[in-house]
$ cat start.csv   # CSV, C-alpha atoms
chain,number,residue,atom,x,y,z
F,111,MET,CA,-8.7,2.8,5.7
F,112,ARG,CA,-8.9,5.3,8.6
F,113,TYR,CA,-6.9,4.6,11.7
F,114,ARG,CA,-5.7,6.4,14.8
F,115,TYR,CA,-3.8,5.7,18.0
F,116,THR,CA,-5.0,6.2,21.6
F,117,SER,CA,-2.8,5.7,24.6
F,118,THR,CA,-3.7,2.0,24.8
F,119,HIS,CA,-5.2,1.0,21.4
F,120,LEU,CA,-4.9,1.1,17.6
F,121,LEU,CA,-8.3,1.9,16.2
F,122,ILE,CA,-9.1,0.9,12.6
F,123,ASP,CA,-12.4,2.0,10.9
F,124,ARG,CA,-13.7,-0.9,8.7
F,125,GLU,CA,-16.8,1.0,7.6
F,126,ASP,CA,-19.2,-1.5,9.2
F,127,SER,CA,-17.3,-1.7,12.5
F,128,VAL,CA,-14.3,-0.3,14.4
F,129,LEU,CA,-11.5,-2.6,15.5
F,130,ALA,CA,-9.9,-1.6,18.9
F,131,ILE,CA,-6.6,-3.5,19.0
F,132,ALA,CA,-4.4,-3.5,22.1
F,133,SER,CA,-1.2,-1.7,21.3
F,134,ARG,CA,2.0,-3.8,21.7
F,135,ALA,CA,5.3,-3.1,20.1
F,136,GLN,CA,6.0,-6.6,19.0
F,137,GLY,CA,2.8,-6.9,17.0
F,138,TYR,CA,0.9,-10.2,16.7
F,139,ALA,CA,2.1,-13.6,15.5
F,140,SER,CA,-1.2,-15.0,14.2
F,141,HIS,CA,-4.8,-14.0,13.4
F,142,ASP,CA,-6.0,-16.0,16.4
F,143,GLU,CA,-3.7,-14.0,18.7
F,144,LEU,CA,-4.8,-10.8,17.1
F,145,SER,CA,-8.4,-11.8,17.7
F,146,ARG,CA,-7.8,-12.4,21.4
F,147,HIS,CA,-6.6,-8.8,21.8
F,148,THR,CA,-9.2,-7.1,19.5
F,149,HIS,CA,-12.5,-5.6,20.6
F,150,VAL,CA,-15.1,-5.0,17.8
F,151,LEU,CA,-17.0,-1.8,18.2
F,152,ALA,CA,-20.1,-0.7,16.3
F,153,ALA,CA,-19.6,1.6,13.3
F,154,MET,CA,-19.4,5.3,14.2
F,155,SER,CA,-19.3,8.7,12.6
F,156,PRO,CA,-15.9,10.3,11.7
F,157,GLU,CA,-16.4,12.7,14.6
F,158,GLU,CA,-16.9,9.9,17.1
F,159,PHE,CA,-14.0,8.0,15.7
F,160,ASP,CA,-11.7,10.9,16.0
F,161,THR,CA,-12.5,11.6,19.6
F,162,LEU,CA,-13.1,8.1,21.0
F,163,GLU,CA,-11.0,7.3,24.1
F,164,LEU,CA,-10.9,3.8,25.5
F,165,ASP,CA,-10.5,2.5,29.0
F,166,ASN,CA,-8.6,-0.8,29.1
F,167,GLN,CA,-10.8,-2.0,32.0
F,168,GLN,CA,-13.9,-1.7,29.8
F,169,LEU,CA,-12.4,-3.7,26.9
F,170,GLN,CA,-11.7,-7.1,28.3
F,171,HIS,CA,-11.9,-9.6,25.5
F,172,ASP,CA,-15.4,-11.2,25.2
F,173,PRO,CA,-15.1,-14.9,24.4
F,174,ALA,CA,-18.4,-14.7,22.6
F,175,ALA,CA,-17.1,-12.0,20.2
F,176,PRO,CA,-16.7,-13.1,16.6
F,177,THR,CA,-13.2,-14.3,15.6
F,178,LEU,CA,-11.4,-12.2,13.1
F,179,GLN,CA,-11.2,-14.0,9.8
F,180,PRO,CA,-7.8,-13.8,8.0
F,181,GLY,CA,-8.6,-11.0,5.6
F,182,ASP,CA,-6.5,-9.4,2.9
F,183,ARG,CA,-3.2,-8.8,4.8
F,184,LEU,CA,-5.1,-7.7,7.9
F,185,LEU,CA,-2.5,-9.1,10.2
F,186,GLU,CA,0.3,-7.6,8.2
F,187,LYS,CA,-1.4,-4.2,8.1
F,188,VAL,CA,-2.0,-4.2,11.9
F,189,ASN,CA,1.6,-5.1,12.7
F,190,MET,CA,2.9,-2.4,10.3
F,191,LEU,CA,0.6,0.2,12.0
F,192,LEU,CA,1.7,-0.9,15.4
F,193,ALA,CA,5.4,-0.7,14.3
F,194,LEU,CA,4.8,2.8,13.0
F,195,ALA,CA,3.3,3.8,16.3
F,196,GLY,CA,6.5,2.7,18.0
F,197,ALA,CA,8.5,4.8,15.5
F,198,TYR,CA,6.4,7.9,16.2
F,199,GLU,CA,7.0,7.5,19.9
F,200,ALA,CA,10.7,7.2,19.4
F,201,GLU,CA,10.8,10.2,17.1
F,202,GLU,CA,8.7,12.4,19.5
F,203,ALA,CA,11.0,11.5,22.4
F,204,ALA,CA,14.1,12.7,20.4
F,205,PRO,CA,15.2,16.3,20.2
F,206,VAL,CA,13.6,18.2,17.3
F,207,ARG,CA,16.0,18.6,14.5
F,208,THR,CA,16.4,21.9,12.7
F,209,GLN,CA,18.2,20.5,9.7
F,210,VAL,CA,17.9,17.5,7.5
F,211,GLU,CA,20.7,15.0,8.1
F,212,THR,CA,22.2,13.5,5.0
F,213,GLN,CA,25.0,11.0,4.6
F,214,ILE,CA,26.2,9.2,1.5
F,215,LEU,CA,26.8,5.6,2.5
F,216,TYR,CA,27.3,4.1,-0.9
F,217,PRO,CA,27.6,5.8,-4.3
F,218,TRP,CA,24.4,4.1,-5.6
F,219,LEU,CA,22.4,5.7,-2.8
F,220,LYS,CA,21.4,9.3,-3.3
F,221,ASN,CA,20.7,10.2,0.3
F,222,TYR,CA,18.6,9.3,3.3
F,223,THR,CA,16.1,11.2,5.4
F,224,VAL,CA,15.3,10.9,9.1
F,225,ILE,CA,11.6,11.7,9.5
F,226,GLN,CA,10.9,13.8,12.5
F,227,TYR,CA,7.3,14.2,13.7
F,228,VAL,CA,6.5,17.3,15.7
F,229,GLN,CA,2.9,16.3,16.4
F,230,GLN,CA,0.7,13.3,16.1
F,231,PRO,CA,0.1,12.5,12.4
F,232,ALA,CA,-3.4,13.6,11.3
F,233,THR,CA,-6.0,10.8,10.9
F,234,THR,CA,-6.3,9.7,7.3
F,235,GLU,CA,-9.8,10.4,5.9
F,236,VAL,CA,-11.2,8.2,3.3
F,237,GLN,CA,-14.6,8.5,1.5
F,238,ALA,CA,-17.1,5.7,2.2
F,239,LEU,CA,-17.2,3.6,-0.9
F,240,ASP,CA,-19.5,0.9,-2.2
F,241,TRP,CA,-17.3,-2.2,-1.8
F,242,GLN,CA,-18.1,-5.7,-3.0
F,243,ASP,CA,-16.1,-8.9,-2.8
F,244,VAL,CA,-17.2,-11.3,-5.6
F,245,PRO,CA,-15.8,-14.8,-5.9
F,246,LEU,CA,-14.6,-15.7,-9.4
F,247,ALA,CA,-15.6,-18.8,-11.3
F,248,ASP,CA,-12.8,-21.2,-12.1
F,249,GLU,CA,-10.6,-19.9,-14.8
F,250,GLN,CA,-9.5,-21.9,-17.8
F,251,THR,CA,-6.8,-24.3,-16.9
F,252,PRO,CA,-3.4,-22.9,-17.8
F,253,GLU,CA,-0.9,-24.8,-19.9
F,254,GLY,CA,2.2,-23.8,-17.9
F,255,MET,CA,3.7,-21.1,-15.8
F,256,THR,CA,4.8,-17.8,-17.2
F,257,ALA,CA,7.3,-15.4,-15.5
F,258,LEU,CA,4.4,-13.2,-14.4
F,259,ALA,CA,2.7,-16.2,-12.7
F,260,GLN,CA,5.9,-17.4,-11.1
F,261,TYR,CA,6.6,-14.0,-9.6
F,262,PHE,CA,3.3,-14.0,-7.7
F,263,ALA,CA,3.1,-17.7,-7.0
F,264,ALA,CA,6.4,-17.6,-5.1
F,265,HIS,CA,4.5,-16.0,-2.1
F,266,SER,CA,2.2,-19.0,-1.8
F,267,MET,CA,5.0,-21.6,-2.6
F,268,TRP,CA,7.4,-20.4,0.0
F,269,LEU,CA,5.7,-18.1,2.5
F,270,GLY,CA,2.4,-19.9,3.3
F,271,ALA,CA,0.1,-22.1,1.3
F,272,ILE,CA,-3.0,-20.0,2.2
F,273,SER,CA,-1.3,-16.6,2.4
F,274,ARG,CA,-3.5,-14.1,0.4
F,275,ILE,CA,-2.1,-12.2,-2.5
F,276,ARG,CA,-3.7,-9.0,-3.6
F,277,ILE,CA,-3.0,-7.4,-7.0
F,278,GLN,CA,-4.5,-4.1,-8.2
F,279,ALA,CA,-6.6,-4.6,-11.3
F,280,GLY,CA,-5.5,-1.7,-13.3
F,281,PRO,CA,-6.8,-1.0,-16.9
F,282,PRO,CA,-8.8,-3.7,-18.8
F,283,GLU,CA,-5.7,-5.0,-20.7
F,284,MET,CA,-4.0,-5.7,-17.3
F,285,GLN,CA,-7.1,-7.4,-16.0
F,286,HIS,CA,-7.2,-9.7,-19.1
F,287,MET,CA,-3.5,-10.5,-18.6
F,288,LEU,CA,-4.1,-11.5,-14.9
F,289,HIS,CA,-7.1,-13.7,-16.0
F,290,ARG,CA,-4.9,-15.5,-18.5
F,291,GLU,CA,-1.6,-15.9,-16.6
F,292,VAL,CA,-2.1,-15.6,-12.9
F,293,LEU,CA,-5.6,-16.2,-11.5
F,294,PRO,CA,-6.0,-19.7,-13.1
F,295,HIS,CA,-3.1,-21.0,-10.9
F,296,PHE,CA,-5.1,-20.4,-7.6
F,297,GLU,CA,-8.0,-22.4,-6.1
F,298,HIS,CA,-9.6,-19.3,-4.5
F,299,THR,CA,-9.9,-16.1,-6.3
F,300,LYS,CA,-12.0,-12.9,-5.8
F,301,GLN,CA,-12.4,-9.6,-7.5
F,302,HIS,CA,-13.0,-6.5,-5.4
F,303,LEU,CA,-15.4,-4.0,-6.8
F,304,ILE,CA,-15.9,-0.3,-6.1
F,305,GLY,CA,-19.3,0.3,-7.6
F,306,ASP,CA,-19.1,-1.6,-10.9
F,307,GLN,CA,-15.4,-1.0,-11.3
F,308,VAL,CA,-12.9,-3.8,-10.6
F,309,GLU,CA,-10.4,-2.4,-8.1
F,310,SER,CA,-8.2,-5.5,-7.3
F,311,PHE,CA,-8.0,-9.3,-7.3
F,312,SER,CA,-7.1,-11.5,-4.4
F,313,MET,CA,-6.1,-15.1,-4.5
F,314,TYR,CA,-4.7,-17.9,-2.3
F,315,ARG,CA,-3.8,-21.6,-2.4
F,316,LEU,CA,-2.1,-22.8,-5.6
F,317,TRP,CA,-3.5,-25.7,-7.4
F,318,PRO,CA,-1.3,-28.9,-7.1
F,319,GLN,CA,-0.5,-28.8,-10.8
F,320,SER,CA,0.6,-25.2,-10.5
F,321,ARG,CA,2.9,-26.1,-7.5
F,322,GLU,CA,4.5,-28.7,-9.7
F,323,TRP,CA,4.9,-26.2,-12.6
F,324,PHE,CA,6.5,-23.7,-10.2
F,325,GLU,CA,9.2,-26.2,-9.2
F,326,GLN,CA,9.8,-27.4,-12.7
F,327,THR,CA,9.8,-24.1,-14.5
F,328,SER,CA,12.7,-21.7,-14.7
F,329,THR,CA,11.6,-18.2,-15.9
F,330,ALA,CA,13.4,-14.9,-15.7
F,331,ALA,CA,11.3,-14.2,-12.6
F,332,LEU,CA,12.8,-17.1,-10.6
F,333,PRO,CA,16.1,-15.3,-9.8
F,334,ILE,CA,14.1,-12.3,-8.7
F,335,VAL,CA,12.0,-14.0,-6.2
F,336,ARG,CA,14.9,-16.1,-4.9
F,337,ASP,CA,16.7,-12.9,-4.3
F,338,LEU,CA,13.7,-11.1,-2.9
F,339,TYR,CA,12.9,-13.9,-0.4
F,340,ARG,CA,16.4,-14.9,0.7
F,341,HIS,CA,14.9,-17.0,3.4
F,342,HIS,CA,11.3,-18.2,3.9
F,343,ASP,CA,10.6,-17.3,7.5
F,344,SER,CA,7.9,-14.7,7.0
F,345,GLU,CA,7.6,-14.2,10.8
F,346,GLU,CA,10.5,-11.7,10.3
F,347,TRP,CA,7.9,-9.2,9.1
F,348,TYR,CA,6.2,-9.3,12.5
F,349,ARG,CA,9.1,-9.5,14.9
F,350,ASP,CA,10.4,-6.7,17.1
F,351,GLY,CA,9.4,-3.0,17.0
F,352,ARG,CA,11.0,-0.6,14.5
F,353,HIS,CA,13.9,1.5,15.6
F,354,GLY,CA,13.2,4.7,13.6
F,355,MET,CA,12.8,4.4,9.9
F,356,LEU,CA,15.5,5.7,7.4
F,357,TYR,CA,14.5,6.3,3.8
F,358,TYR,CA,17.1,5.9,1.1
F,359,LEU,CA,16.6,6.9,-2.6
F,360,VAL,CA,18.4,4.6,-5.0
F,361,ASP,CA,20.4,6.2,-7.7
F,362,THR,CA,19.1,3.9,-10.4
F,363,GLU,CA,21.5,5.2,-13.0
F,364,GLN,CA,24.2,3.4,-11.2
F,365,ILE,CA,22.3,0.1,-11.0
F,366,GLU,CA,22.7,-2.3,-14.0
F,367,PRO,CA,19.1,-3.1,-15.1
F,368,TYR,CA,17.8,-6.6,-15.2
F,369,ASP,CA,15.4,-6.2,-18.1
F,370,GLU,CA,14.9,-9.7,-19.6
F,371,ASP,CA,12.2,-9.6,-22.3
F,372,GLU,CA,10.3,-12.4,-20.5
F,373,LEU,CA,9.6,-9.9,-17.7
F,374,GLU,CA,7.8,-7.4,-19.9
F,375,HIS,CA,4.3,-8.4,-18.7
F,376,LEU,CA,5.4,-8.0,-15.0
F,377,ARG,CA,6.9,-4.6,-15.8
F,378,GLN,CA,3.7,-3.5,-17.6
F,379,LEU,CA,1.5,-4.6,-14.7
F,380,ILE,CA,3.5,-2.7,-12.1
F,381,ARG,CA,3.6,0.4,-14.3
F,382,CYS,CA,0.0,0.4,-15.5
F,383,SER,CA,-1.8,-1.0,-12.5
F,384,TYR,CA,0.1,0.9,-9.8
F,385,LEU,CA,2.5,3.7,-10.9
F,386,GLU,CA,0.4,5.2,-13.7
F,387,GLN,CA,-2.7,5.1,-11.3
F,388,GLY,CA,-0.9,7.4,-8.9
F,389,ASP,CA,-0.1,4.6,-6.5
F,390,SER,CA,3.3,3.3,-5.3
F,391,TYR,CA,4.2,-0.3,-5.7
F,392,ALA,CA,5.8,-1.9,-2.6
F,393,VAL,CA,7.3,-5.3,-1.8
F,394,THR,CA,8.5,-6.7,1.5
F,395,PRO,CA,11.8,-8.5,1.2
F,396,LEU,CA,13.2,-11.2,3.5
F,397,GLY,CA,16.8,-11.3,4.6
F,398,TRP,CA,17.9,-7.9,3.2
F,399,GLN,CA,20.4,-5.7,5.0
F,400,LEU,CA,21.6,-2.3,3.8
F,401,GLU,CA,25.0,-3.1,2.4
F,402,ASP,CA,27.0,-2.3,-0.7
F,403,SER,CA,26.4,-5.7,-2.3
F,404,LEU,CA,22.7,-4.8,-2.8
F,405,ARG,CA,23.7,-2.9,-5.9
F,406,HIS,CA,24.1,-6.3,-7.6
F,407,SER,CA,20.8,-7.7,-6.3
F,408,VAL,CA,18.8,-9.2,-9.2
F,409,ALA,CA,15.5,-8.1,-7.5
F,410,LEU,CA,16.7,-4.5,-7.1
F,411,ARG,CA,18.1,-4.4,-10.6
F,412,PHE,CA,14.7,-5.5,-12.0
F,413,LEU,CA,12.8,-2.9,-9.9
F,414,ALA,CA,15.2,-0.2,-11.1
F,415,SER,CA,14.4,-1.1,-14.7
F,416,ILE,CA,10.7,-0.2,-14.1
F,417,THR,CA,11.1,3.3,-12.7
F,418,PRO,CA,14.0,5.6,-11.8
F,419,PHE,CA,12.3,6.3,-8.4
F,420,VAL,CA,13.1,3.4,-6.0
F,421,ARG,CA,13.2,3.9,-2.2
F,422,LEU,CA,14.4,1.6,0.5
F,423,CYS,CA,12.8,1.8,4.0
F,424,VAL,CA,15.4,0.7,6.5
F,425,ASP,CA,15.2,-0.1,10.2
F,426,GLY,CA,17.6,2.5,11.7
F,427,GLY,CA,18.5,0.1,14.6
F,428,THR,CA,19.3,-3.0,12.6
F,429,GLY,CA,19.9,-1.9,9.1
F,430,ARG,CA,17.3,-4.4,7.9
F,431,ILE,CA,15.3,-3.4,4.8
F,432,ILE,CA,11.7,-3.4,5.7
F,433,LEU,CA,10.2,-2.2,2.4
F,434,ILE,CA,11.1,-1.5,-1.2
F,435,GLU,CA,8.9,1.2,-2.8
F,436,LEU,CA,8.5,2.2,-6.4
F,437,PHE,CA,7.1,5.6,-7.5
F,438,GLN,CA,6.1,7.3,-10.7
F,439,SER,CA,7.9,10.5,-9.7
F,440,GLU,CA,10.4,11.3,-6.9
F,441,PRO,CA,8.7,10.9,-3.5
F,442,ALA,CA,8.4,14.1,-1.4
F,443,HIS,CA,8.1,14.1,2.4
F,444,PRO,CA,5.8,16.9,3.7
F,445,VAL,CA,7.2,19.0,6.5
F,446,LEU,CA,4.7,19.7,9.2
F,447,HIS,CA,4.6,23.4,10.2
F,448,HIS,CA,5.6,23.9,13.8
F,449,PRO,CA,3.7,27.1,14.9
F,450,GLU,CA,5.5,29.5,17.1
F,451,ASN,CA,4.2,30.0,20.6
$ encode --input "start.csv" --output "structure tokens"
Amino acid sequence: MRYRYTSTHLLIDREDSVLAIASRAQGYASHDELSRHTHVLAAMSPEEFDTLELDNQQLQHDPAAPTLQPGDRLLEKVNMLLALAGAYEAEEAAPVRTQVETQILYPWLKNYTVIQYVQQPATTEVQALDWQDVPLADEQTPEGMTALAQYFAAHSMWLGAISRIRIQAGPPEMQHMLHREVLPHFEHTKQHLIGDQVESFSMYRLWPQSREWFEQTSTAALPIVRDLYRHHDSEEWYRDGRHGMLYYLVDTEQIEPYDEDELEHLRQLIRCSYLEQGDSYAVTPLGWQLEDSLRHSVALRFLASITPFVRLCVDGGTGRIILIELFQSEPAHPVLHHPEN
């Protein structure tokens, strides 16, 4: 997905069109609200996209414009990009630092890094791909709920009955596992293809029987999701602007792993479908603050059992943990060269 910021808008290239979304630090609370502040432009070449400038007076919302349909985490992605724009502005207004600041807050944290941007980040280029969304036929009715299914079902149970869940497909054995254990629990499922390759699955709305199983079943995943979502007000993800992101690497050697055998399929999925494909795996917790007690968090202990490279993305103003990221190798932050005048 290509995107860039103008002085008034966030632009997102969706291959068949460009979304011009009015910038606002607090983001948007719903897809309907997002639609009212979004202008849909015709598709354009990369050169046109990179140089497009918009005049607010020319982009009054057209009531006849099509309403944005709740896509795969579109609202979440837009709010995250708007929050990042606020972080860029805050960093650019601050004095340029000549040294990396480090501070050991707790013995189980290696360090943190304050990212300083000396210029507007370059627009991300992506190759145009042959995408297809294919609805899946009803899967065979499951006989119960496994730990893998309960981990992903928690999102629909607690954070919105029709909230979409997207899972990278990974190699064939991981796809078969999802078809057996996860997809049958949802009423609406799709596979997303690039050419003839399955890239990911999306799903929403649990079947009534699966909701009953979720409430009646206690797997080793239940303590993880209870800890991960310490409250169920997902609007926290969209409130307020960010106050400068701090990135902390966890010293996983000092975290006692939560490595129940029942969780092996979930560990395999994260490793094989994300980390071994060269991607990070990220989760957005609710109710997490950067404090020493996190070293005993069941969710953090489980994630630390998957890979030694776990990073916390923390709001520098509030100490709230925005994102937990897992990597196959230690993440590196590129330093932009600041040319001499």
$ residues_around --input "start.csv" --residues "Ala263 (chain F)" --least-positions-apart "2" --cutoff "12 Å" --atoms "only C-alpha atoms" --output "VMD selection string"
chain F and resid 255 to 261 265 to 277 291 to 296 313 to 317 320 to 325 327 331 to 332 335
$ closest_atom_pairs --input "start.csv" --of "region 319-359 of chain F" --to "region 417-437 of chain F" --cutoff "6 Å" --atoms "all atoms listed in the file" --output "JSON lines"
{"residue": "F:His353", "atom": "CA", "partner": "F:Gly427", "partner_atom": "CA", "distance": 4.9}
{"residue": "F:Gly354", "atom": "CA", "partner": "F:Gly426", "partner_atom": "CA", "distance": 5.3}
{"residue": "F:Met355", "atom": "CA", "partner": "F:Asp425", "partner_atom": "CA", "distance": 5.1}
{"residue": "F:Leu356", "atom": "CA", "partner": "F:Val424", "partner_atom": "CA", "distance": 5.1}
{"residue": "F:Tyr357", "atom": "CA", "partner": "F:Cys423", "partner_atom": "CA", "distance": 4.8}
{"residue": "F:Tyr358", "atom": "CA", "partner": "F:Leu422", "partner_atom": "CA", "distance": 5.1}
{"residue": "F:Leu359", "atom": "CA", "partner": "F:Arg421", "partner_atom": "CA", "distance": 4.6}
$ atom_distance --input "start.csv" --atom1 "CA of Leu184 (chain F)" --atom2 "CA of Ser390 (chain F)"
19.1 Å
$ atom_distance --input "start.csv" --atom1 "CA of Thr118 (chain F)" --atom2 "CA of Thr394 (chain F)"
27.7 Å
$ atom_distance --input "start.csv" --atom1 "CA of Leu185 (chain F)" --atom2 "CA of Gly137 (chain F)"
8.9 Å
$ residues_around --input "start.csv" --residues "Val188 (chain F)" --least-positions-apart "3" --cutoff "9 Å" --atoms "all atoms listed in the file" --output "ChimeraX atom specification"
/F:120,122,131,137-138,144,183-185,191-193
$ residues_around --input "start.csv" --residues "region 301-304 of chain F" --least-positions-apart "3" --cutoff "8 Å" --atoms "all atoms listed in the file" --output "list in words"
Leu239, Asp240, Trp241, Gln242, Asp243, Val244, Pro245, Leu246, Gln307, Val308, Glu309, Ser310, Phe311 and Ser312 of chain F
